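Everything below concerns the one structure shown next.
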Amino acid sequence: MSAGERRASAEPRAAAGAGATDAPASSVAAPAVRAVSLARAYPMGGEQVRAVRGVTFDVADGEYVAVVGPSGCGKSTLLNLLGVIDRPTAGSVAVRGRDVSAMNDREATRFRLHNVGFVFQRFYLMPTLSARENVELPMAEAGVSRADRQARARELLRYVGLEARERHRPSQLSGGEQQRVAIARALANRPTLLLADEPTGELDARTGAEIIALFERLNADGTTIVVVTHDEELARAARRVIHMKDGEIVRDETC
Ligand code: ADP
Ligand code: MG
């Protein structure tokens, strides 16, 4: 198979078919992300931990953005707000023109399933399922037929270079392979937005480099990516770097 064919068949949002059960509730003109005075405070024993303190920014469709900054500056909190895992205490966030800040848990779960792919530092694969079954899981939740989700899972495992590992369980895979399965899973329902929190944090430099190359290929194929990272190599690969400190954006540079 040529690179062109692989791109055409696995491009996360392009092909119709498996997974296309729910049109993203969005307008094409809207940015992938719009955060306005976005804030999250955690109540802690009568005090407030102000983890994110009113940040305003857009992420355009097709952008690749890294978010960097010292430990505890609010990177994960911000990413969880963009990914509708958490809700803000002030301000708003819209994903593809859809205000996600006020969603209840049920709406958020459904929105996430179809619109946001999340990749974590620790992979979080289901240990009892094979690589292919892990990738199928979000499609099963979305009601995709068995045949369609198997075909799509195989296509995605091929895209991340793991077609020969589809029957392996997570414990039979290396860390880098597990992360590639997790990335394939995140793409299963053709999300608008791929979010990753320290995706190379558990990996050695060489394996991390494979993940960085995969993200670059995904972005070149049209996926909008926001990645939180300590990894300078990973941040360098992004076209834009947002620097955070004490819950605020202190620098936003496009390279
Ligand atoms: P980073 O990802 O940049 O290391 P986080 O977003 O995880 O930072 O955390 C930002 C701040 O919010 C930290 O001071 C952290 O201790 C605090 N924090 C994070 N999650 C919670 C929580 N669930 N309850 C209380 N404080 C929290
Ligand atoms: Mg973090």
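The way I read the labels, and the way they are meant: chains A, B, ... in the order of the structure tokens, residue 1 as the first residue of every chain, and ligand 1 as the first ligand shown, with later ones counted on from there.
For A:Gln121, the set of protein, DNA and RNA residues having any atom at most 12 Å away, when counting only C-alpha atoms and skipping those fewer than 2 positions along the same chain, is Ser76, Phe118, Val119, Phe123, Tyr124, Leu125, Gly175, Gly176, Gln178, Gln179, Arg180, Ala182, Ile183, Leu195, Ala196, Asp197, Glu198, Pro199, Thr200, Gly201, Glu202, Leu203, Gly208, Ile211, Val227, Val228, Thr229, His230 and Asp231 of chain A.
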Output of the above residues as a CSV table (one decimal), in the first residue's frame, restricted to C-alpha atoms:
chain,number,residue,atom,x,y,z
A,76,SER,CA,-4.0,19.3,32.7
A,118,PHE,CA,-8.1,11.9,24.5
A,119,VAL,CA,-4.6,10.4,24.9
A,123,PHE,CA,-2.4,4.8,28.2
A,124,TYR,CA,-5.4,3.5,30.1
A,125,LEU,CA,-6.1,0.5,27.9
A,175,GLY,CA,4.9,1.1,26.2
A,176,GLY,CA,5.2,2.8,22.8
A,178,GLN,CA,0.4,0.6,24.0
A,179,GLN,CA,0.4,4.4,23.4
A,180,ARG,CA,-0.1,3.9,19.7
A,182,ALA,CA,-4.4,4.4,22.7
A,183,ILE,CA,-4.0,7.0,19.9
A,195,LEU,CA,-6.1,16.1,23.0
A,196,ALA,CA,-3.0,14.5,24.7
A,197,ASP,CA,-1.7,15.0,28.2
A,198,GLU,CA,2.0,14.2,28.4
A,199,PRO,CA,1.7,11.4,25.8
A,200,THR,CA,5.5,10.7,25.9
A,201,GLY,CA,5.8,11.0,29.6
A,202,GLU,CA,6.2,7.3,30.3
A,203,LEU,CA,8.3,6.5,27.2
A,208,GLY,CA,8.8,9.0,22.3
A,211,ILE,CA,4.9,9.0,19.0
A,227,VAL,CA,-0.8,18.4,23.4
A,228,VAL,CA,0.4,19.1,27.0
A,229,THR,CA,4.0,18.2,27.4
A,230,HIS,CA,7.3,18.6,29.2
A,231,ASP,CA,9.0,17.0,26.2
Chain A near ligand 1 within 6 Å: what's each residue's closest atom pair and its distance in Å to one decimal, counting only C-alpha atoms and all ligand atoms, ordered by chain then ascending residue number, as CSV?
residue,atom,partner,partner_atom_place_in_ligand_line,distance
A:Tyr42,CA,ligand 1,25 (C),4.9
A:Val49,CA,ligand 1,26 (N),5.8
A:Ala51,CA,ligand 1,12 (O),4.1
A:Ser71,CA,ligand 1,4 (O),3.7
A:Gly72,CA,ligand 1,8 (O),3.4
A:Cys73,CA,ligand 1,3 (O),4.0
A:Gly74,CA,ligand 1,6 (O),3.2
A:Lys75,CA,ligand 1,3 (O),3.7
A:Ser76,CA,ligand 1,2 (O),3.7
A:Thr77,CA,ligand 1,6 (O),3.7
How about saving the chosen residues, C-alpha atoms kept, as a PDB file, in the first residue's frame?
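Okay, result35.pdb is ready:
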ATOM      1  CA  TYR A  42     -10.924  23.878  43.125  1.00  0.00           C
ATOM      2  CA  VAL A  49      -6.940  26.591  44.324  1.00  0.00           C
ATOM      3  CA  ALA A  51      -5.722  26.182  38.733  1.00  0.00           C
ATOM      4  CA  SER A  71       4.378  21.290  36.979  1.00  0.00           C
ATOM      5  CA  GLY A  72       1.205  22.512  38.687  1.00  0.00           C
ATOM      6  CA  CYS A  73       0.658  25.510  36.391  1.00  0.00           C
ATOM      7  CA  GLY A  74      -2.733  24.216  35.238  1.00  0.00           C
ATOM      8  CA  LYS A  75      -1.964  22.402  31.963  1.00  0.00           C
ATOM      9  CA  SER A  76      -3.958  19.252  32.724  1.00  0.00           C
ATOM     10  CA  THR A  77      -6.813  21.267  34.186  1.00  0.00           C
TER      11      THR A  77
END
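Here the DSSP assignment of helix (DSSP H, G or I), based on backbone atoms, applies within stretch 10-129 of chain A to A:Ala10, A:Lys75, A:Ser76, A:Thr77, A:Leu78, A:Leu79, A:Asn80, A:Leu81, A:Leu82, A:Asp105, A:Arg106, A:Glu107, A:Ala108, A:Thr109, A:Arg110, A:Phe111, A:Arg112, A:Leu113, A:His114, A:Asn115.
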Go ahead and save the residues from that selection, with C-alpha atoms, as a PDB file, in the first residue's frame.
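As written to disk, again.pdb reads:
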ATOM      1  CA  ALA A  10      -7.112   6.188   7.519  1.00  0.00           C
ATOM      2  CA  LYS A  75      -1.964  22.402  31.963  1.00  0.00           C
ATOM      3  CA  SER A  76      -3.958  19.252  32.724  1.00  0.00           C
ATOM      4  CA  THR A  77      -6.813  21.267  34.186  1.00  0.00           C
ATOM      5  CA  LEU A  78      -6.978  23.310  30.982  1.00  0.00           C
ATOM      6  CA  LEU A  79      -6.884  20.231  28.760  1.00  0.00           C
ATOM      7  CA  ASN A  80      -9.664  18.591  30.774  1.00  0.00           C
ATOM      8  CA  LEU A  81     -11.800  21.702  30.239  1.00  0.00           C
ATOM      9  CA  LEU A  82     -11.204  21.596  26.468  1.00  0.00           C
ATOM     10  CA  ASP A 105     -22.539  14.877  32.425  1.00  0.00           C
ATOM     11  CA  ARG A 106     -24.761  12.977  30.027  1.00  0.00           C
ATOM     12  CA  GLU A 107     -24.395  15.583  27.277  1.00  0.00           C
ATOM     13  CA  ALA A 108     -20.667  15.824  27.944  1.00  0.00           C
ATOM     14  CA  THR A 109     -20.167  12.065  27.663  1.00  0.00           C
ATOM     15  CA  ARG A 110     -22.008  11.949  24.361  1.00  0.00           C
ATOM     16  CA  PHE A 111     -20.231  15.015  23.000  1.00  0.00           C
ATOM     17  CA  ARG A 112     -16.830  13.603  23.974  1.00  0.00           C
ATOM     18  CA  LEU A 113     -17.550  10.250  22.405  1.00  0.00           C
ATOM     19  CA  HIS A 114     -18.090  11.802  18.971  1.00  0.00           C
ATOM     20  CA  ASN A 115     -15.978  14.947  18.992  1.00  0.00           C
TER      21      ASN A 115
END
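The interatomic distance for the pair atom CA of A:Thr56 and atom CA of A:Val33 works out to 10.4 Å.
Note that the spacing between atom CA of A:Ser37 and atom CA of A:Ser92 amounts to 6.7 Å.
Taking only C-alpha atoms and all ligand atoms into account, ligand 2 lies nearest to A:Val67 out of the set A:Leu157, A:Val36, A:Val67, A:Leu194.
In this comparison, which uses only C-alpha atoms and all ligand atoms, the residue of A:Met244, A:Val59, A:Ala30, A:Val93 approaching ligand 2 most closely is A:Met244.
The space separating atom CA of A:Thr207 from atom CA of A:Pro127 comes to 20.9 Å.
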Please give the complete set of residues from stretch 51-205 of chain A that DSSP, run on the backbone, assigns to strand (DSSP E or B), formatted as a PyMOL selection string. chain A and resi 51-59+64-68+90-95+98-99+116-119+193-197
Would you kindly return, as a PyMOL selection string, each protein, DNA or RNA residue with an atom no farther than 7 Å from any atom of A:Gly222, considering only C-alpha atoms and excluding same-chain residues fewer than 3 positions away? chain A and resi 62+218-219
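Of the listed residues (A:Ala186, A:Ala60, A:Val84, A:Val116), A:Val84 comes nearest to A:Ser101; the distances count only C-alpha atoms.
With only C-alpha atoms and all ligand atoms as the basis for measurement, A:Gly247 is the residue among A:Val100, A:Gly247, A:Ala131, A:Arg146 that approaches ligand 2 most closely.
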Residues within 9 Å of A:Glu177, only C-alpha atoms, excluding chain neighbours under 5 positions, as a PDB file with C-alpha atoms, in the first residue's frame:
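Output file out-v3.pdb follows:
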ATOM      1  CA  VAL A 160      -0.297   3.531  13.648  1.00  0.00           C
ATOM      2  CA  GLY A 161       1.864   0.655  12.371  1.00  0.00           C
ATOM      3  CA  LEU A 162       0.399  -2.104  14.552  1.00  0.00           C
ATOM      4  CA  ARG A 165      -0.426  -6.726  16.910  1.00  0.00           C
ATOM      5  CA  PRO A 170      -1.814  -4.467  26.498  1.00  0.00           C
ATOM      6  CA  ALA A 182      -4.438   4.412  22.696  1.00  0.00           C
ATOM      7  CA  THR A 207       9.871   5.425  21.597  1.00  0.00           C
TER       8      THR A 207
END
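When only C-alpha atoms and all ligand atoms are used to compute distances to ligand 2, the closest of the residues A:Arg206, A:Ser145, A:Val68, A:Arg50 turns out to be A:Val68.
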Determine the nearest neighbour of A:Asp58 from the options A:Arg240, A:Arg40, A:Arg154, A:Arg167, counting only C-alpha atoms. A:Arg240
